[in-house]
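K.L.:
Take a look at data-v5.cif, mmCIF, C-alpha atoms:
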```cif
data_data
#
loop_
_atom_site.label_atom_id
_atom_site.label_comp_id
_atom_site.auth_asym_id
_atom_site.auth_seq_id
_atom_site.Cartn_x
_atom_site.Cartn_y
_atom_site.Cartn_z
CA MET A 1 -20.13 -13.89 1.93
CA ASN A 2 -23.55 -12.28 1.93
CA MET A 3 -24.11 -13.32 5.52
CA ASN A 4 -20.81 -11.86 6.44
CA ARG A 5 -21.65 -8.59 4.85
CA ARG A 6 -25.03 -8.37 6.53
CA PHE A 7 -23.44 -9.09 9.85
CA PHE A 8 -21.00 -6.28 9.35
CA MET A 9 -23.71 -3.88 8.29
CA LYS A 10 -25.57 -4.57 11.51
CA THR A 11 -22.52 -4.26 13.68
CA LEU A 12 -21.69 -1.00 12.08
CA ALA A 13 -24.97 0.57 12.97
CA VAL A 14 -23.75 0.64 16.57
CA THR A 15 -19.98 0.55 16.48
CA SER A 16 -17.52 2.56 14.54
CA ALA A 17 -15.93 1.20 11.42
CA LEU A 18 -12.61 0.93 13.14
CA LEU A 19 -13.95 -1.21 15.96
CA ALA A 20 -15.58 -3.56 13.50
CA SER A 21 -12.27 -4.20 11.84
CA ALA A 22 -10.64 -5.05 15.14
CA GLN A 23 -10.00 -8.65 14.09
CA SER A 24 -6.83 -7.33 12.61
CA PHE A 25 -3.63 -8.93 11.53
CA ALA A 26 -1.37 -9.58 14.48
CA ALA A 27 1.67 -7.71 13.23
CA TRP A 28 -0.35 -4.89 11.78
CA PRO A 29 0.38 -1.74 13.84
CA LYS A 30 -3.20 -0.83 14.64
CA ALA A 31 -2.41 2.12 16.88
CA ALA A 32 -0.29 3.78 14.23
CA PHE A 33 -2.92 3.31 11.54
CA ALA A 34 -5.65 4.58 13.85
CA ALA A 35 -3.77 7.74 14.85
CA LYS A 36 -5.78 10.77 13.91
CA THR A 37 -3.21 13.50 13.51
CA LYS A 38 -0.06 13.68 11.48
CA ASP A 39 2.20 14.13 14.48
CA ASP A 40 0.57 11.28 16.38
CA ALA A 41 0.84 8.99 13.38
CA ILE A 42 4.49 9.77 12.82
CA ALA A 43 5.31 9.36 16.50
CA THR A 44 3.50 6.02 16.74
CA ALA A 45 4.65 4.59 13.44
CA ILE A 46 8.25 5.76 13.52
CA GLY A 47 8.90 6.10 17.22
CA SER A 48 11.56 8.77 16.80
CA THR A 49 11.92 12.25 15.41
CA PRO A 50 13.02 11.90 11.81
CA ILE A 51 15.59 14.29 10.46
CA ASP A 52 15.13 16.34 7.32
CA ALA A 53 16.24 14.43 4.26
CA GLY A 54 16.92 17.35 1.98
CA ASP A 55 17.09 15.99 -1.55
CA LYS A 56 17.83 12.42 -0.53
CA ILE A 57 14.17 11.49 -0.69
CA LYS A 58 12.14 12.28 -3.75
CA ILE A 59 8.36 12.22 -3.72
CA LYS A 60 6.82 12.06 -7.12
CA ALA A 61 3.15 12.96 -7.07
CA PRO A 62 0.94 15.22 -9.16
CA PRO A 63 0.94 18.83 -7.86
CA ILE A 64 -2.81 18.89 -8.42
CA ALA A 65 -4.81 15.70 -8.02
CA GLU A 66 -8.21 15.99 -9.60
CA ASN A 67 -9.48 12.92 -7.85
CA GLY A 68 -8.38 12.36 -4.29
CA GLN A 69 -9.44 8.71 -4.54
CA VAL A 70 -6.44 7.93 -6.67
CA VAL A 71 -3.22 9.83 -6.14
CA PRO A 72 -0.21 8.05 -7.62
CA VAL A 73 2.84 8.42 -5.42
CA THR A 74 6.41 7.34 -6.04
CA ILE A 75 8.94 7.49 -3.25
CA THR A 76 12.56 7.29 -4.33
CA SER A 77 15.58 7.60 -2.12
CA THR A 78 19.27 7.84 -2.83
CA LEU A 79 20.10 6.78 0.72
CA ASP A 80 21.95 3.51 1.25
CA ASN A 81 20.59 0.49 3.11
CA VAL A 82 16.98 1.60 3.12
CA THR A 83 14.94 -0.73 5.31
CA ASN A 84 11.62 1.08 5.63
CA ILE A 85 9.54 3.49 3.63
CA THR A 86 6.47 4.98 5.27
CA ILE A 87 3.91 7.16 3.56
CA PHE A 88 1.57 9.61 5.29
CA ALA A 89 -1.12 11.88 3.91
CA ALA A 90 -1.00 14.67 6.48
CA ASP A 91 -4.65 15.73 6.62
CA ASN A 92 -6.35 12.39 6.12
CA PRO A 93 -8.65 11.17 8.91
CA ASN A 94 -5.97 8.54 9.55
CA PRO A 95 -2.74 9.96 8.18
CA LEU A 96 -0.69 6.76 8.00
CA SER A 97 -1.17 5.24 4.56
CA ALA A 98 1.38 2.56 4.14
CA THR A 99 4.61 1.26 5.45
CA PHE A 100 6.96 -0.86 3.41
CA THR A 101 9.68 -3.08 4.76
CA LEU A 102 12.44 -3.51 2.22
CA THR A 103 15.24 -6.01 1.95
CA GLU A 104 18.46 -5.77 0.00
CA HIS A 105 16.62 -7.26 -2.96
CA VAL A 106 14.46 -4.19 -3.40
CA ASP A 107 15.50 -0.79 -4.68
CA ALA A 108 14.45 2.23 -2.64
CA LYS A 109 11.76 3.06 -5.12
CA ILE A 110 8.12 2.29 -4.45
CA THR A 111 5.08 3.37 -6.41
CA THR A 112 1.54 3.01 -5.21
CA LYS A 113 -1.75 4.88 -5.23
CA ILE A 114 -3.20 6.54 -2.16
CA LYS A 115 -6.42 8.30 -1.24
CA MET A 116 -6.36 11.87 -0.01
CA ALA A 117 -9.24 13.52 1.79
CA LYS A 118 -8.16 17.05 0.97
CA THR A 119 -5.25 19.21 -0.07
CA SER A 120 -2.33 18.39 2.18
CA ASP A 121 1.23 17.22 2.34
CA ILE A 122 2.35 13.77 1.41
CA ILE A 123 5.02 12.85 3.91
CA ALA A 124 7.57 10.14 3.34
CA VAL A 125 9.76 8.77 6.06
CA VAL A 126 12.67 6.60 4.95
CA LYS A 127 14.72 4.57 7.36
CA ALA A 128 18.28 4.02 6.20
CA ASN A 129 21.06 2.57 8.35
CA GLY A 130 18.71 2.85 11.32
CA VAL A 131 18.18 6.59 10.91
CA ASP A 132 14.84 8.10 9.92
CA TYR A 133 14.70 10.78 7.29
CA ILE A 134 11.63 12.80 6.40
CA ALA A 135 10.46 14.65 3.31
CA SER A 136 7.15 16.07 2.21
CA LYS A 137 5.36 17.38 -0.82
CA ASN A 138 2.14 19.33 -1.06
CA VAL A 139 -0.61 17.96 -3.27
CA LYS A 140 -3.73 19.95 -4.08
CA VAL A 141 -6.85 17.84 -4.15
CA THR A 142 -9.91 19.12 -5.93
CA LYS A 143 -12.17 16.20 -4.97
CA GLY A 144 -11.65 14.32 -1.72
CA GLY A 145 -11.13 10.61 -1.46
CA CYS A 146 -12.61 9.77 1.92
CA GLY A 147 -16.25 9.72 2.89
CA GLY A 148 -18.87 10.82 0.39
CA MET B 1 -10.57 -21.87 -8.26
CA ALA B 2 -11.59 -18.37 -8.89
CA ARG B 3 -9.27 -16.18 -10.84
CA SER B 4 -6.57 -14.61 -8.74
CA THR B 5 -7.13 -11.04 -7.66
CA ILE B 6 -3.48 -10.33 -8.26
CA LYS B 7 -2.03 -9.43 -11.63
CA ILE B 8 1.70 -9.17 -11.99
CA ARG B 9 3.54 -7.87 -15.01
CA GLY B 10 7.14 -6.96 -15.30
CA THR B 11 10.36 -6.83 -17.20
CA LEU B 12 13.63 -8.53 -16.41
CA LYS B 13 16.79 -6.93 -17.68
CA GLU B 14 20.34 -7.42 -16.45
CA GLY B 15 19.26 -8.96 -13.18
CA GLN B 16 16.81 -6.22 -12.38
CA ALA B 17 13.14 -7.01 -12.41
CA LYS B 18 10.65 -4.18 -12.58
CA ILE B 19 7.51 -5.51 -10.97
CA ARG B 20 4.13 -3.96 -11.64
CA SER B 21 1.30 -5.46 -9.69
CA LEU B 22 -2.39 -4.79 -9.50
CA ILE B 23 -4.70 -6.21 -6.86
CA ALA B 24 -8.46 -6.19 -7.36
CA HIS B 25 -9.85 -5.13 -4.01
CA PRO B 26 -12.58 -2.68 -2.91
CA MET B 27 -10.40 -1.02 -0.21
CA GLU B 28 -13.36 0.41 1.70
CA THR B 29 -12.36 2.99 4.28
CA GLY B 30 -15.36 2.43 6.53
CA ARG B 31 -16.26 6.09 6.13
CA ARG B 32 -18.51 5.90 3.11
CA THR B 33 -22.26 5.54 3.50
CA ASN B 34 -24.47 3.31 1.46
CA LYS B 35 -26.75 5.81 -0.26
CA ASP B 36 -29.73 3.42 -0.31
CA THR B 37 -29.71 2.40 3.33
CA GLY B 38 -27.84 5.27 4.97
CA ASN B 39 -25.59 2.81 6.76
CA LEU B 40 -21.85 3.01 6.73
CA ILE B 41 -20.13 0.63 4.37
CA PRO B 42 -17.88 -1.50 6.57
CA ALA B 43 -14.16 -1.03 6.32
CA HIS B 44 -12.60 -3.63 4.07
CA PHE B 45 -9.02 -3.08 3.13
CA ILE B 46 -5.78 -4.95 2.62
CA GLN B 47 -3.56 -4.82 5.66
CA GLU B 48 -0.54 -6.73 4.56
CA VAL B 49 1.09 -7.55 1.24
CA LEU B 50 3.95 -9.99 1.15
CA CYS B 51 6.35 -10.45 -1.78
CA GLU B 52 8.61 -13.45 -1.89
CA LEU B 53 11.41 -14.39 -4.24
CA ASN B 54 12.29 -18.07 -4.22
CA GLY B 55 10.56 -18.42 -0.88
CA THR B 56 12.41 -15.55 0.82
CA THR B 57 10.51 -12.44 1.79
CA VAL B 58 11.78 -9.47 -0.17
CA LEU B 59 9.15 -6.85 0.50
CA THR B 60 6.41 -6.45 3.09
CA ALA B 61 3.82 -3.73 2.88
CA GLN B 62 1.42 -2.78 5.62
CA TRP B 63 -1.47 -0.74 4.39
CA GLY B 64 -4.20 1.35 5.92
CA GLN B 65 -7.57 2.49 4.61
CA SER B 66 -6.03 5.29 2.62
CA ILE B 67 -4.66 3.12 -0.15
CA SER B 68 -6.72 3.42 -3.31
CA LYS B 69 -9.27 0.96 -4.55
CA ASN B 70 -7.73 -1.74 -6.72
CA PRO B 71 -4.28 -0.91 -5.40
CA THR B 72 -1.15 -1.02 -7.46
CA LEU B 73 2.34 -1.62 -6.23
CA PHE B 74 5.37 -1.01 -8.43
CA PHE B 75 8.90 -1.72 -7.35
CA ASP B 76 12.24 -2.94 -8.63
CA LEU B 77 13.84 -6.18 -7.57
CA LYS B 78 17.57 -6.72 -7.78
CA LYS B 79 19.56 -9.90 -8.29
CA VAL B 80 16.81 -11.68 -10.15
CA LYS B 81 17.35 -14.29 -12.85
CA ALA B 82 15.08 -16.10 -15.24
CA GLY B 83 13.52 -19.11 -13.58
CA ASP B 84 13.19 -17.49 -10.15
CA THR B 85 9.86 -17.94 -8.44
CA PHE B 86 7.98 -14.83 -7.40
CA LYS B 87 5.05 -14.89 -5.05
CA MET B 88 2.79 -12.14 -3.87
CA SER B 89 0.07 -12.51 -1.28
CA TRP B 90 -2.27 -10.24 0.65
CA THR B 91 -4.40 -10.41 3.76
CA ASP B 92 -7.22 -7.97 4.49
CA ASN B 93 -8.90 -6.81 7.67
CA GLN B 94 -11.74 -9.29 7.23
CA GLY B 95 -9.30 -12.18 7.19
CA LYS B 96 -9.58 -12.81 3.47
CA LYS B 97 -6.44 -13.58 1.56
CA ASP B 98 -5.19 -14.37 -1.90
CA SER B 99 -1.89 -15.02 -3.56
CA ALA B 100 -0.27 -15.38 -6.95
CA GLU B 101 2.84 -17.33 -7.64
CA GLY B 102 4.81 -17.97 -10.77
CA VAL B 103 8.14 -18.47 -12.41
CA ILE B 104 9.77 -15.44 -13.97
CA THR B 105 10.13 -16.32 -17.65
CA PRO B 106 11.22 -13.27 -19.60
CA LYS B 107 10.26 -13.08 -23.25
CA GLY B 108 11.45 -10.93 -26.10
CA LYS B 109 13.99 -8.14 -26.21
CA LYS B 110 12.55 -6.26 -23.27
CA GLY B 111 12.37 -9.37 -21.10
CA LYS B 112 8.68 -9.02 -20.39
CA PHE B 113 7.05 -11.53 -18.10
CA ARG B 114 3.68 -12.06 -16.51
CA ILE B 115 2.57 -14.07 -13.53
#
```
Would you mind writing the file out in structure tokens?

P.N.:
Amino acid sequence: MNMNRRFFMKTLAVTSALLASAQSFAAWPKAAFAAKTKDDAIATAIGSTPIDAGDKIKIKAPPIAENGQVVPVTITSTLDNVTNITIFAADNPNPLSATFTLTEHVDAKITTKIKMAKTSDIIAVVKANGVDYIASKNVKVTKGGCGG
Amino acid sequence: MARSTIKIRGTLKEGQAKIRSLIAHPMETGRRTNKDTGNLIPAHFIQEVLCELNGTTVLTAQWGQSISKNPTLFFDLKKVKAGDTFKMSWTDNQGKKDSAEGVITPKGKKGKFRI
């Protein structure tokens, strides 16, 4: 374990962090997670232009997050047959945070904690019956969660 | 064997299981610097979380660096009964993995269970 760590430290002196983690999981959508802008990330991860969800997607997050390291987010949707829930933090260095693949056994309600670099929108894209819906909510961050 | 990094708590009521899980993991973004050496701390984060009920995948999560340290994942499972087996496993970008598996045995009025 120590050896491993040292090896990584050395590698990192010359390559970027992202390159060092290139031994990634096969199914893990690397391009989408590496996208640097919100629009890029949405385009790569979703692959279509999502339509506005109105009140069918609810994002529960604190309006002001004191610590950007830990921002609790709950995505709830009243849409039927939800198959995917994707969470973006718009102004993060890599906006795509997480994507969840649901089955009929799971309710369209997911809670997790994300990091936010600065004040920005949390964007949720929910795929239901093959159609993508989008919703967003602004969260003010007083202390960033990336870098430091 | 070392203690599992995954903690699962939940309640089972009328076929619906509320799952609350906590994974102990550093979730390094690869953007922080080690203050002593000035080097970047290598990225180390969970990429995939898999939840299975009786051997069938019910939920897959793919995560990036921007999930918090010691991540939590809460969700509700439908059509669950006492005695079902629930399994959760993760794989990170350094190829490490861990899993927790157990039988859902609700106790008390609220149907609390832990795995």

K.L.:
Env of Trp90 of chain B: 8 Å cut, atoms = all atoms listed in the file, seq-sep filter 4 positions within chain, self excluded. Answer as number ranges by chain.

P.N.:
B: 46-50, 97-99

K.L.:
Find the residues with any atom within 10 Å of (4.8, 13.9, 1.4); use all atoms listed in the file and the coordinates as given in the file, and write the answer as a PyMOL selection string.

P.N.:
chain A and resi 57-61+73+75+86-90+120-125+134-139

K.L.:
Would you kindly report the residues of chain B within 9 Å of chain A, using all atoms listed in the file, as an mmCIF file with C-alpha atoms, in the coordinates of the input?

P.N.:
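Below you can see result-v4.cif, which holds the result:
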```
data_model
loop_
_atom_site.group_PDB
_atom_site.id
_atom_site.type_symbol
_atom_site.label_atom_id
_atom_site.label_comp_id
_atom_site.auth_asym_id
_atom_site.auth_seq_id
_atom_site.Cartn_x
_atom_site.Cartn_y
_atom_site.Cartn_z
ATOM 1 C CA THR B 29 -12.360 2.990 4.280
ATOM 2 C CA GLY B 30 -15.360 2.430 6.530
ATOM 3 C CA ARG B 31 -16.260 6.090 6.130
ATOM 4 C CA ARG B 32 -18.510 5.900 3.110
ATOM 5 C CA THR B 33 -22.260 5.540 3.500
ATOM 6 C CA ASN B 39 -25.590 2.810 6.760
ATOM 7 C CA LEU B 40 -21.850 3.010 6.730
ATOM 8 C CA ILE B 41 -20.130 0.630 4.370
ATOM 9 C CA PRO B 42 -17.880 -1.500 6.570
ATOM 10 C CA ALA B 43 -14.160 -1.030 6.320
ATOM 11 C CA HIS B 44 -12.600 -3.630 4.070
ATOM 12 C CA GLN B 47 -3.560 -4.820 5.660
ATOM 13 C CA GLU B 48 -0.540 -6.730 4.560
ATOM 14 C CA LEU B 53 11.410 -14.390 -4.240
ATOM 15 C CA THR B 57 10.510 -12.440 1.790
ATOM 16 C CA VAL B 58 11.780 -9.470 -0.170
ATOM 17 C CA LEU B 59 9.150 -6.850 0.500
ATOM 18 C CA THR B 60 6.410 -6.450 3.090
ATOM 19 C CA ALA B 61 3.820 -3.730 2.880
ATOM 20 C CA GLN B 62 1.420 -2.780 5.620
ATOM 21 C CA TRP B 63 -1.470 -0.740 4.390
ATOM 22 C CA GLY B 64 -4.200 1.350 5.920
ATOM 23 C CA GLN B 65 -7.570 2.490 4.610
ATOM 24 C CA SER B 66 -6.030 5.290 2.620
ATOM 25 C CA ILE B 67 -4.660 3.120 -0.150
ATOM 26 C CA SER B 68 -6.720 3.420 -3.310
ATOM 27 C CA LYS B 69 -9.270 0.960 -4.550
ATOM 28 C CA PRO B 71 -4.280 -0.910 -5.400
ATOM 29 C CA THR B 72 -1.150 -1.020 -7.460
ATOM 30 C CA LEU B 73 2.340 -1.620 -6.230
ATOM 31 C CA PHE B 74 5.370 -1.010 -8.430
ATOM 32 C CA PHE B 75 8.900 -1.720 -7.350
ATOM 33 C CA ASP B 76 12.240 -2.940 -8.630
ATOM 34 C CA LEU B 77 13.840 -6.180 -7.570
ATOM 35 C CA LYS B 78 17.570 -6.720 -7.780
ATOM 36 C CA LYS B 79 19.560 -9.900 -8.290
ATOM 37 C CA VAL B 80 16.810 -11.680 -10.150
ATOM 38 C CA THR B 91 -4.400 -10.410 3.760
ATOM 39 C CA ASP B 92 -7.220 -7.970 4.490
ATOM 40 C CA ASN B 93 -8.900 -6.810 7.670
ATOM 41 C CA GLN B 94 -11.740 -9.290 7.230
ATOM 42 C CA GLY B 95 -9.300 -12.180 7.190
#
```

K.L.:
State, in Å with one decimal place, the distance from atom CA of Gly130 of chain A to atom CA of Thr78 of chain A.

P.N.:
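So the answer is 15.0 Å.
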
K.L.:
Determine, counting all atoms listed in the file, which protein, DNA and RNA residues have an atom within 6 Å of an atom of Lys87 of chain B; residues of the same chain fewer than 4 positions away are not included. Present the result as a PyMOL selection string.

P.N.:
chain B and resi 51-52+100-101

K.L.:
Tell me, in Å to one decimal, how far atom CA of Thr142 of chain A is from atom CA of Glu28 of chain B.

P.N.:
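According to the coordinates, atom CA of Thr142 of chain A and atom CA of Glu28 of chain B are separated by 20.5 Å.
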
K.L.:
Here is a test: counting all atoms listed in the file, which residue of B:Ala24, B:Ala82, B:Arg3, B:Gly55 is nearest to Gly111 of chain B?

P.N.:
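Among the listed residues, B:Ala82 lies closest to Gly111 of chain B.
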
K.L.:
Around (-4.5, -9.2, -9.6), as given in the file, which residues come within 6 Å? Count only C-alpha atoms and list them as a list of chain:residue names.

P.N.:
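Here the neighbourhood of the point contains B:Ser4, B:Thr5, B:Ile6, B:Lys7, B:Leu22, B:Ile23, B:Ala24.
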
K.L.:
Would you list the contacts of Gly102 of chain B as a short mmCIF file (atom, residue, chain, number, x, y, z; two decimals) with C-alpha atoms, keeping the file's coordinate frame, taking every protein, DNA or RNA residue within 6 Å and counting all atoms listed in the file, but skipping same-chain residues closer than 3 positions in sequence?

P.N.:
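Okay, this is what ended up in result26.cif:
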```cif
data_model
loop_
_atom_site.label_atom_id
_atom_site.label_comp_id
_atom_site.auth_asym_id
_atom_site.auth_seq_id
_atom_site.Cartn_x
_atom_site.Cartn_y
_atom_site.Cartn_z
CA THR B 85 9.86 -17.94 -8.44
CA PHE B 86 7.98 -14.83 -7.40
CA ILE B 115 2.57 -14.07 -13.53
#
```

K.L.:
Can you measure atom CA of Ala45 of chain A to atom CA of Val141 of chain A for me? One decimal in Å is fine.

P.N.:
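The value is 24.8 Å.
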
K.L.:
May I ask which of the residues A:Ala43, A:Ala53, A:Ile64, A:Ala35 is the closest one to Val126 of chain A, counting only C-alpha atoms?

P.N.:
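Of A:Ala43, A:Ala53, A:Ile64, A:Ala35, the one nearest Val126 of chain A, counting only C-alpha atoms, is A:Ala53.
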
K.L.:
As AutoDock Vina command-line options, please: the centre and edge lengths in Å, to one decimal, of an axis-aligned box enclosing every listed atom of segment 36-46 of chain A with 5 Å added on each side.

P.N.:
```
--center_x 1.2 --center_y 9.4 --center_z 14.1 --size_x 24.0 --size_y 19.5 --size_z 15.3
```

K.L.:
Of the candidates B:His25, B:Lys81, B:Lys13, B:Lys35, which one gets nearest to Asn54 of chain B if we count all atoms listed in the file?

P.N.:
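For Asn54 of chain B, the nearest of the candidates is B:Lys81.
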